[in-house]
>>> print(open('structure38.csv').read())   # CSV, C-alpha atoms and all ligand atoms
chain,number,residue,atom,x,y,z
P,208,MET,CA,-1.7,-1.2,-10.3
P,209,ASP,CA,-2.7,-1.8,-6.7
P,210,GLY,CA,-0.8,-0.1,-4.0
P,211,HIS,CA,-1.9,-2.2,-1.0
P,212,CYS,CA,-3.2,-5.7,-0.3
P,213,ASP,CA,-3.1,-7.9,2.8
P,214,VAL,CA,-2.7,-11.3,1.1
P,215,LEU,CA,0.5,-12.2,2.9
P,216,TRP,CA,-1.1,-11.6,6.3
P,217,ARG,CA,-4.2,-13.6,5.4
P,218,MET,CA,-2.1,-16.5,4.2
P,219,TRP,CA,0.1,-16.3,7.3
P,220,GLU,CA,-3.0,-16.5,9.5
P,221,ASP,CA,-4.6,-19.3,7.5
P,222,PRO,CA,-2.2,-21.6,5.6
P,223,THR,CA,-5.1,-23.3,3.7
P,224,LYS,CA,-5.5,-20.1,1.6
P,225,ASP,CA,-3.9,-20.5,-1.8
P,226,PHE,CA,-2.9,-17.6,-4.0
P,227,TYR,CA,-2.8,-19.8,-7.1
P,228,ASP,CA,-6.2,-21.3,-6.6
P,229,GLU,CA,-9.2,-19.4,-8.0
P,230,HIS,CA,-11.2,-20.7,-5.2
P,231,GLY,CA,-8.4,-19.9,-2.8
P,232,ASN,CA,-10.6,-17.8,-0.5
P,233,LEU,CA,-8.6,-14.7,-1.1
P,234,ASP,CA,-9.6,-11.3,-2.6
P,235,VAL,CA,-6.3,-11.2,-4.6
P,236,THR,CA,-5.4,-14.4,-6.4
P,237,TYR,CA,-3.2,-15.2,-9.3
P,238,PRO,CA,-6.1,-15.9,-11.6
P,239,PHE,CA,-7.6,-12.5,-10.7
P,240,ILE,CA,-4.2,-10.8,-11.3
P,241,VAL,CA,-4.0,-12.3,-14.8
P,242,GLN,CA,-7.7,-11.5,-15.5
P,243,SER,CA,-7.4,-7.9,-14.5
P,244,GLU,CA,-4.0,-7.4,-16.3
P,245,MET,CA,-2.4,-6.2,-13.1
P,246,LYS,CA,1.1,-4.8,-13.7
P,247,LEU,CA,2.1,-4.0,-10.2
P,248,GLN,CA,0.8,-5.4,-6.9
P,249,THR,CA,2.1,-4.2,-3.6
P,250,PHE,CA,2.1,-6.9,-0.9
P,251,ALA,CA,2.1,-5.7,2.7
P,252,ILE,CA,3.8,-7.5,5.5
P,253,PHE,CA,1.5,-6.9,8.4
P,254,VAL,CA,2.1,-8.1,11.9
P,255,PRO,CA,-1.1,-7.7,14.0
P,256,PRO,CA,-1.0,-6.1,17.4
P,257,SER,CA,-1.9,-9.5,19.0
P,258,VAL,CA,1.6,-10.7,18.2
P,259,ARG,CA,3.8,-10.0,21.2
P,260,LYS,CA,7.1,-8.1,21.3
P,261,GLY,CA,9.9,-10.4,20.6
P,262,GLN,CA,7.8,-12.5,18.1
P,263,ARG,CA,7.0,-9.8,15.6
P,264,LEU,CA,10.2,-10.1,13.6
P,265,MET,CA,9.5,-13.8,13.2
P,266,ALA,CA,6.0,-13.2,12.0
P,267,ALA,CA,7.3,-10.7,9.4
P,268,MET,CA,10.0,-13.2,8.3
P,269,GLU,CA,7.3,-15.9,7.8
P,270,GLN,CA,5.3,-13.5,5.6
P,271,ILE,CA,8.4,-12.7,3.5
P,272,ASN,CA,8.9,-16.5,3.2
P,273,LEU,CA,5.3,-16.8,1.9
P,274,PHE,CA,6.0,-14.0,-0.6
P,275,TYR,CA,9.0,-15.8,-2.1
P,276,ASN,CA,7.5,-19.3,-1.9
P,277,GLU,CA,3.8,-18.9,-2.4
P,278,ILE,CA,3.5,-15.7,-4.5
P,279,ILE,CA,6.6,-15.7,-6.6
P,280,LYS,CA,6.8,-18.9,-8.5
P,281,GLU,CA,9.0,-20.1,-11.3
P,282,GLY,CA,7.2,-20.1,-14.6
P,283,LYS,CA,4.4,-17.8,-13.4
P,284,ARG,CA,3.9,-14.2,-14.2
P,285,MET,CA,4.8,-12.9,-10.7
P,286,ILE,CA,8.2,-11.3,-10.2
P,287,PRO,CA,9.6,-9.3,-7.4
P,288,PHE,CA,10.0,-5.5,-7.9
P,289,ARG,CA,13.2,-4.4,-6.3
P,290,SER,CA,14.6,-2.0,-8.8
P,291,MET,CA,13.9,-0.6,-12.3
P,292,GLU,CA,17.1,-2.1,-13.6
P,293,GLU,CA,16.0,-5.5,-12.6
P,294,THR,CA,12.4,-5.3,-13.7
P,295,ASP,CA,10.5,-2.6,-15.6
P,296,PRO,CA,6.7,-3.1,-15.1
P,297,SER,CA,5.9,-1.2,-18.3
P,298,THR,CA,7.9,-3.5,-20.6
P,299,SER,CA,7.3,-6.9,-19.1
P,300,ASP,CA,4.1,-8.8,-19.5
P,301,GLN,CA,4.4,-9.9,-15.9
P,302,CYS,CA,3.0,-8.5,-12.7
P,303,VAL,CA,5.7,-7.1,-10.5
P,304,ALA,CA,5.3,-7.6,-6.8
P,305,LEU,CA,6.4,-4.9,-4.4
P,306,LEU,CA,7.2,-6.0,-0.9
P,307,ALA,CA,6.2,-3.4,1.7
P,308,LEU,CA,6.3,-3.4,5.4
P,309,GLU,CA,3.2,-2.1,7.2
P,310,GLY,CA,4.3,-1.1,10.7
P,311,ALA,CA,7.9,-0.7,11.9
P,312,GLU,CA,7.3,-2.8,15.0
P,313,ALA,CA,8.5,-5.8,13.0
P,314,ILE,CA,12.1,-4.5,13.3
P,315,GLU,CA,11.8,-4.7,17.1
P,316,GLY,CA,13.6,-1.4,17.6
P,317,ASN,CA,16.7,-2.5,15.8
P,318,ILE,CA,17.8,-0.4,12.8
P,319,SER,CA,20.2,-3.1,11.5
P,320,LEU,CA,17.1,-5.2,10.9
P,321,LEU,CA,15.8,-2.6,8.6
P,322,ARG,CA,18.9,-3.1,6.4
P,323,ILE,CA,18.1,-6.8,6.4
P,324,PHE,CA,14.5,-6.2,5.4
P,325,TYR,CA,15.9,-4.1,2.5
P,326,ARG,CA,18.2,-7.0,1.5
P,327,LEU,CA,15.1,-9.3,1.5
P,328,GLY,CA,13.5,-7.0,-1.0
P,329,VAL,CA,11.4,-4.7,1.1
P,330,ARG,CA,11.4,-1.2,-0.6
P,331,GLN,CA,8.5,0.6,1.2
P,332,VAL,CA,7.7,1.0,4.9
P,333,GLY,CA,4.5,2.2,6.4
P,334,LEU,CA,5.8,3.5,9.7
P,335,THR,CA,2.9,2.4,11.9
P,336,TRP,CA,-0.4,0.6,11.8
P,337,ASN,CA,-3.1,2.3,13.9
P,338,PHE,CA,-1.2,2.4,17.2
P,339,ALA,CA,2.1,3.7,18.6
P,340,ASN,CA,5.4,1.9,18.1
P,341,GLU,CA,9.1,2.7,18.5
P,342,VAL,CA,9.1,5.0,15.4
P,343,ALA,CA,5.9,7.1,15.7
P,344,ASP,CA,2.2,7.1,16.8
P,345,GLY,CA,-0.5,5.7,14.6
P,346,ILE,CA,-3.7,7.6,13.9
P,347,MET,CA,-5.8,5.8,16.5
P,348,GLU,CA,-3.3,6.4,19.3
P,349,GLU,CA,-5.2,9.0,21.4
P,350,ARG,CA,-2.1,11.1,22.4
P,351,GLY,CA,-1.3,11.7,18.7
P,352,GLY,CA,2.5,12.0,19.0
P,353,GLY,CA,4.8,12.6,16.1
P,354,LEU,CA,8.1,10.9,15.2
P,355,THR,CA,10.3,9.7,18.1
P,356,GLN,CA,14.1,10.2,18.1
P,357,PHE,CA,14.4,6.6,17.1
P,358,GLY,CA,11.9,7.3,14.3
P,359,ARG,CA,14.1,10.0,13.0
P,360,ARG,CA,17.1,7.7,12.9
P,361,PHE,CA,15.0,5.0,11.3
P,362,LEU,CA,13.9,7.4,8.5
P,363,LYS,CA,17.5,8.5,8.0
P,364,GLU,CA,18.4,4.9,7.4
P,365,MET,CA,15.5,4.5,5.0
P,366,LYS,CA,16.8,7.5,3.1
P,367,HIS,CA,20.3,6.0,3.0
P,368,LEU,CA,18.9,2.7,1.7
P,369,GLY,CA,16.7,4.4,-0.9
P,370,MET,CA,13.3,3.4,0.5
P,371,ILE,CA,9.8,4.9,0.1
P,372,VAL,CA,7.8,5.9,3.2
P,373,ASP,CA,4.1,5.1,3.4
P,374,VAL,CA,2.1,7.5,5.6
P,375,SER,CA,-1.2,5.7,5.6
P,376,HIS,CA,-2.3,4.9,9.3
P,377,LEU,CA,0.2,7.5,10.6
P,378,SER,CA,-0.8,10.2,13.2
P,379,GLU,CA,-1.2,13.7,11.9
P,380,ALA,CA,1.7,14.9,13.9
P,381,ALA,CA,4.0,12.3,12.5
P,382,PHE,CA,2.7,13.0,9.0
P,383,TRP,CA,3.7,16.7,9.4
P,384,ASP,CA,7.1,15.8,10.9
P,385,ILE,CA,7.8,13.8,7.7
P,386,ILE,CA,6.6,16.6,5.4
P,387,GLU,CA,8.6,19.2,7.3
P,388,SER,CA,11.8,17.4,8.0
P,389,VAL,CA,12.2,14.2,6.0
P,390,ASP,CA,13.5,14.0,2.4
P,391,LEU,CA,12.0,10.7,1.2
P,392,PRO,CA,9.5,9.8,-1.5
P,393,ILE,CA,6.1,9.6,0.2
P,394,VAL,CA,3.1,7.5,-0.6
P,395,ALA,CA,-0.2,7.3,1.2
P,396,SER,CA,-0.9,3.8,-0.1
P,397,HIS,CA,-4.4,3.2,1.1
P,398,SER,CA,-6.1,6.4,2.4
P,399,ASN,CA,-9.2,8.4,1.3
P,400,CYS,CA,-10.4,12.0,2.0
P,401,ARG,CA,-11.7,13.1,5.3
P,402,ALA,CA,-13.7,15.9,3.6
P,403,VAL,CA,-15.7,13.1,1.8
P,404,CYS,CA,-15.9,10.6,4.6
P,405,SER,CA,-15.1,11.7,8.1
P,406,HIS,CA,-13.0,8.9,9.4
P,407,ARG,CA,-9.6,9.5,11.1
P,408,ARG,CA,-7.9,7.1,8.8
P,409,ASN,CA,-8.7,9.4,5.9
P,410,LEU,CA,-6.5,12.4,4.9
P,411,THR,CA,-7.4,16.0,5.6
P,412,ASP,CA,-7.3,18.4,2.6
P,413,GLU,CA,-4.1,20.0,4.0
P,414,GLN,CA,-2.4,16.6,4.0
P,415,ILE,CA,-3.7,15.9,0.5
P,416,GLN,CA,-2.3,19.2,-0.7
P,417,ALA,CA,1.0,18.5,1.0
P,418,LEU,CA,1.3,15.1,-0.8
P,419,ILE,CA,0.4,16.7,-4.1
P,420,GLN,CA,3.1,19.3,-3.6
P,421,ARG,CA,5.7,16.7,-2.7
P,422,LYS,CA,4.8,14.7,-5.9
P,423,GLY,CA,3.7,11.9,-3.6
P,424,LEU,CA,1.0,9.3,-4.4
P,425,ILE,CA,-2.4,8.8,-2.8
P,426,GLY,CA,-4.0,5.3,-3.2
P,427,ILE,CA,-7.8,5.4,-3.0
P,428,ASN,CA,-9.0,2.7,-0.7
P,429,PHE,CA,-12.1,0.4,-1.2
P,430,VAL,CA,-12.8,-0.3,2.5
P,431,PRO,CA,-16.5,0.6,3.0
P,432,TYR,CA,-16.1,2.6,6.2
P,433,PHE,CA,-13.3,4.8,4.6
P,434,VAL,CA,-15.5,5.4,1.6
P,435,SER,CA,-18.8,6.6,3.1
P,436,GLU,CA,-20.4,6.9,6.5
P,437,GLN,CA,-23.8,6.0,5.2
P,438,ASN,CA,-24.0,4.0,2.0
P,439,PRO,CA,-20.6,2.9,0.7
P,440,THR,CA,-20.8,2.2,-3.1
P,441,ILE,CA,-18.6,2.5,-6.1
P,442,THR,CA,-20.1,6.0,-6.7
P,443,GLY,CA,-18.8,6.8,-3.3
P,444,ILE,CA,-15.3,5.9,-4.3
P,445,LEU,CA,-15.6,8.2,-7.3
P,446,ARG,CA,-16.3,11.1,-4.9
P,447,HIS,CA,-12.9,10.6,-3.3
P,448,LEU,CA,-11.2,10.6,-6.8
P,449,ASP,CA,-13.2,13.8,-7.7
P,450,HIS,CA,-12.2,15.5,-4.5
P,451,ILE,CA,-8.5,14.9,-4.8
P,452,ALA,CA,-8.6,15.8,-8.5
P,453,SER,CA,-10.4,19.1,-7.5
P,454,LEU,CA,-7.5,19.9,-5.2
P,455,GLY,CA,-5.1,19.5,-8.1
P,456,GLY,CA,-4.2,15.9,-7.5
P,457,GLU,CA,-5.1,14.2,-10.8
P,458,ASP,CA,-1.4,13.2,-11.2
P,459,SER,CA,-1.0,12.0,-7.7
P,460,LEU,CA,-3.9,9.4,-7.7
P,461,PHE,CA,-3.7,5.7,-7.9
P,462,PHE,CA,-5.5,2.8,-6.0
P,463,GLY,CA,-4.7,1.0,-2.8
P,464,SER,CA,-7.5,-1.6,-2.6
P,465,ASP,CA,-6.8,-3.0,0.9
P,466,PHE,CA,-8.1,-6.3,-0.5
P,467,ASP,CA,-7.8,-9.1,2.0
P,468,GLY,CA,-7.5,-6.6,4.8
P,469,VAL,CA,-11.1,-6.4,5.8
P,470,VAL,CA,-14.2,-8.6,5.6
P,471,ARG,CA,-16.8,-5.9,4.7
P,472,LYS,CA,-16.9,-5.0,1.0
P,473,ILE,CA,-18.3,-2.4,-1.4
P,474,PRO,CA,-21.0,-4.0,-3.5
P,475,GLY,CA,-19.6,-4.8,-6.9
P,476,LEU,CA,-16.0,-4.5,-5.7
P,477,ALA,CA,-15.6,-7.4,-3.3
P,478,ASN,CA,-12.3,-8.7,-4.8
P,479,MET,CA,-9.9,-8.3,-7.6
P,480,GLY,CA,-12.1,-10.4,-9.8
P,481,GLU,CA,-14.5,-7.4,-10.0
P,482,LEU,CA,-11.8,-4.9,-11.0
P,483,ASN,CA,-12.6,-5.0,-14.7
P,484,HIS,CA,-16.1,-4.0,-13.9
P,485,PHE,CA,-14.8,-1.1,-11.8
P,486,LYS,CA,-12.6,-0.1,-14.6
P,487,ASP,CA,-15.6,0.1,-16.9
P,488,LYS,CA,-17.4,2.3,-14.4
P,489,LEU,CA,-14.4,4.6,-14.4
P,490,LEU,CA,-14.2,4.7,-18.2
P,491,ARG,CA,-17.9,5.7,-18.3
P,492,ARG,CA,-17.2,8.7,-16.1
P,493,TYR,CA,-13.7,9.9,-16.9
P,494,PRO,CA,-11.6,10.3,-20.1
P,495,GLU,CA,-9.5,7.2,-20.9
P,496,GLU,CA,-6.2,9.1,-20.5
P,497,VAL,CA,-7.3,10.0,-16.9
P,498,VAL,CA,-8.2,6.4,-16.1
P,499,ARG,CA,-4.9,5.3,-17.5
P,500,LYS,CA,-3.1,7.7,-15.2
P,501,TRP,CA,-5.0,6.5,-12.1
P,502,GLY,CA,-4.8,2.9,-13.0
P,503,PHE,CA,-1.1,2.8,-13.9
P,504,GLU,CA,0.8,5.8,-15.2
P,505,ASN,CA,0.9,7.9,-12.0
P,506,GLY,CA,2.1,5.0,-9.9
P,507,TYR,CA,4.5,3.9,-12.6
P,508,ARG,CA,6.1,7.4,-12.7
P,509,PHE,CA,6.5,7.4,-9.0
P,510,TYR,CA,7.9,3.9,-8.5
P,511,SER,CA,10.1,4.0,-11.6
P,512,GLU,CA,11.7,7.2,-10.3
P,513,HIS,CA,12.2,6.1,-6.8
P,514,LEU,CA,13.3,2.5,-7.4
P,515,LYS,CA,15.9,3.6,-9.9
P,516,GLY,CA,19.5,2.7,-9.0
P,517,ASN,CA,18.4,0.4,-6.2
P,518,HIS,CA,20.2,-2.9,-5.8
N,601,ZN,ZN,-3.6,-0.8,6.4
>>> encode(input="structure38.csv", output="structure tokens")
Amino acid sequence: MDGHCDVLWRMWEDPTKDFYDEHGNLDVTYPFIVQSEMKLQTFAIFVPPSVRKGQRLMAAMEQINLFYNEIIKEGKRMIPFRSMEETDPSTSDQCVALLALEGAEAIEGNISLLRIFYRLGVRQVGLTWNFANEVADGIMEERGGGLTQFGRRFLKEMKHLGMIVDVSHLSEAAFWDIIESVDLPIVASHSNCRAVCSHRRNLTDEQIQALIQRKGLIGINFVPYFVSEQNPTITGILRHLDHIASLGGEDSLFFGSDFDGVVRKIPGLANMGELNHFKDKLLRRYPEEVVRKWGFENGYRFYSEHLKGNH
């Protein structure tokens, strides 16, 4: 299971990229999904800051269109994951595809658009990318503000719809606002540990402990500069797994590759085609039951619980 990739954004930026072509110039492709027996892949809708206000909704719509036309295809193994009643990833031999919004700026400050995103199949929302928007501040926004009034209304509507909130990229203040005052399932879909690699995008031990306590999920990220400040390797990724496990998070871990999100790569883990090799490395170091938890079961437990009863 992979909790985060940026294939839709890549395809939106460059229409020559083809998810179904093994030489499609993407880190995540259909041949790789089949080869690595992926059961759940999250697809982020990401509107970069270069897109001006007023055009962000359109950019998000175009990515949703790519999802339903270029990823989900009749006769292929990709099916949208909107509810457990509709699709159970543990029983089908298909790969379920979860549509997630990364950055609430795409709703252009209009809560009714959030309801429409839901109707289009979006079940998870990362409130911000790195900077501030109408809902909250991102982690790179110097002032480090928390949730806005609008953000609180936004989250209330997410709760009403039955959505999942993603706290990766969020400012620390907004993270704690959510922990303290919002009753929603929480995932940090692609975030590592600051104690292991001191980058602001990584989670502090206090944040990790709060996520564990809330039965949230933490997706370990493969981006070199979130893995290690000096020499990012696969062994460096294992240090993040070990650290979270040492804080009691064995049942909260999964992976959020960030494939297709960045150009720099960890040697031996450049794309989904190398995932089986990564799995072998995990199996050499951890018991099979633990690898199964991190690779599928923890995420499955979380999503099956929180996407139950959705329509
Ligand atoms: Zn991201």
>>> residues_near_ligand(input="structure38.csv", ligand="ligand ZN 601 (chain N)", cutoff="7 Å", atoms="only C-alpha atoms and all ligand atoms", output="PDB file with C-alpha atoms, in the coordinates of the input")
ATOM      1  CA  GLU P 309       3.200  -2.100   7.200  1.00  0.00           C
ATOM      2  CA  TRP P 336      -0.400   0.600  11.800  1.00  0.00           C
ATOM      3  CA  SER P 375      -1.200   5.700   5.600  1.00  0.00           C
ATOM      4  CA  HIS P 376      -2.300   4.900   9.300  1.00  0.00           C
ATOM      5  CA  HIS P 397      -4.400   3.200   1.100  1.00  0.00           C
ATOM      6  CA  ASP P 465      -6.800  -3.000   0.900  1.00  0.00           C
TER       7      ASP P 465
END
>>> closest_residue(input="structure38.csv", among="P:Gly480, P:Gly358, P:Gly352, P:Gly502", to="Ser459 of chain P", atoms="all atoms listed in the file")
P:Gly502
>>> atom_distance(input="structure38.csv", atom1="atom CA of Ala313 of chain P", atom2="atom CA of Gln301 of chain P")
29.5 Å
>>> atom_distance(input="structure38.csv", atom1="atom CA of Phe485 of chain P", atom2="atom CA of Thr294 of chain P")
27.6 Å
>>> closest_residue(input="structure38.csv", among="P:Gly369, P:Glu348, P:Leu424, P:Val469", to="Trp216 of chain P", atoms="only C-alpha atoms")
P:Val469
>>> atom_distance(input="structure38.csv", atom1="atom CA of Ser319 of chain P", atom2="atom CA of Gly345 of chain P")
22.7 Å
>>> closest_residue(input="structure38.csv", among="P:Gly423, P:Leu489, P:Phe250, P:Ile314", to="Cys212 of chain P", atoms="only C-alpha atoms")
P:Phe250
>>> closest_residue(input="structure38.csv", among="P:Lys224, P:Lys280, P:Lys472, P:Lys422", to="Tyr510 of chain P", atoms="all atoms listed in the file")
P:Lys422
>>> residues_around(input="structure38.csv", residues="Pro238 of chain P", least_positions_apart="2", cutoff="10 Å", atoms="all atoms listed in the file", output="list in words")
Phe226, Tyr227, Asp228, Glu229, His230, Gly231, Val235, Thr236, Ile240, Val241, Gln242, Ser243, Glu244, Met479 and Gly480 of chain P
>>> write_last_selection(input="structure38.csv", atoms="C-alpha atoms", output="PDB file, keeping the file's coordinate frame")
ATOM      1  CA  PHE P 226      -2.900 -17.600  -4.000  1.00  0.00           C
ATOM      2  CA  TYR P 227      -2.800 -19.800  -7.100  1.00  0.00           C
ATOM      3  CA  ASP P 228      -6.200 -21.300  -6.600  1.00  0.00           C
ATOM      4  CA  GLU P 229      -9.200 -19.400  -8.000  1.00  0.00           C
ATOM      5  CA  HIS P 230     -11.200 -20.700  -5.200  1.00  0.00           C
ATOM      6  CA  GLY P 231      -8.400 -19.900  -2.800  1.00  0.00           C
ATOM      7  CA  VAL P 235      -6.300 -11.200  -4.600  1.00  0.00           C
ATOM      8  CA  THR P 236      -5.400 -14.400  -6.400  1.00  0.00           C
ATOM      9  CA  ILE P 240      -4.200 -10.800 -11.300  1.00  0.00           C
ATOM     10  CA  VAL P 241      -4.000 -12.300 -14.800  1.00  0.00           C
ATOM     11  CA  GLN P 242      -7.700 -11.500 -15.500  1.00  0.00           C
ATOM     12  CA  SER P 243      -7.400  -7.900 -14.500  1.00  0.00           C
ATOM     13  CA  GLU P 244      -4.000  -7.400 -16.300  1.00  0.00           C
ATOM     14  CA  MET P 479      -9.900  -8.300  -7.600  1.00  0.00           C
ATOM     15  CA  GLY P 480     -12.100 -10.400  -9.800  1.00  0.00           C
TER      16      GLY P 480
END
>>> closest_residue(input="structure38.csv", among="P:Leu368, P:Ile386, P:Met208, P:Leu233", to="Gln414 of chain P", atoms="all atoms listed in the file")
P:Ile386
>>> closest_residue(input="structure38.csv", among="P:Asn232, P:Thr411, P:Thr223, P:Ser398", to="Phe433 of chain P", atoms="all atoms listed in the file")
P:Ser398
>>> residues_around(input="structure38.csv", residues="Glu436 of chain P", least_positions_apart="2", cutoff="7 Å", atoms="all atoms listed in the file", output="JSON, numbers by chain")
{"P": [404, 432, 438]}
>>> write_last_selection(input="structure38.csv", atoms="C-alpha atoms", output="compact mmCIF listing (two decimals), keeping the file's coordinate frame")
# COMPACT_ATOMS: atom_id res chain seq x y z
CA CYS P 404 -15.90 10.60 4.60
CA TYR P 432 -16.10 2.60 6.20
CA ASN P 438 -24.00 4.00 2.00
>>> residues_around(input="structure38.csv", residues="Pro255 of chain P", least_positions_apart="5", cutoff="12 Å", atoms="all atoms listed in the file", output="number ranges by chain")
P: 213, 216-217, 219-220, 260, 262-264, 266-267, 309-313, 335-338, 468
>>> residues_around(input="structure38.csv", residues="Val372 of chain P", least_positions_apart="3", cutoff="6 Å", atoms="all atoms listed in the file", output="list of chain:residue names")
P:Gln331, P:Val332, P:Gly333, P:Ile393
>>> residues_near_point(input="structure38.csv", point="(-5.7, 15.4, -10.8)", cutoff="12 Å", atoms="only C-alpha atoms", output="list in words")
Ile415, Gln416, Ile419, Lys422, Leu424, Ile425, His447, Leu448, Asp449, His450, Ile451, Ala452, Ser453, Leu454, Gly455, Gly456, Glu457, Asp458, Ser459, Leu460, Phe461, Tyr493, Glu496, Val497, Val498, Lys500, Trp501 and Asn505 of chain P
>>> axis_aligned_box(input="structure38.csv", around="segment 265-277 of chain P", padding_each_side="4 Å", output="AutoDock Vina command-line options")
--center_x 6.9 --center_y -15.0 --center_z 5.4 --size_x 14.2 --size_y 16.6 --size_z 23.6
>>> residues_around(input="structure38.csv", residues="Pro296 of chain P", least_positions_apart="3", cutoff="9 Å", atoms="all atoms listed in the file", output="ChimeraX atom specification")
/P:246-247,288,291,299-303,507,511
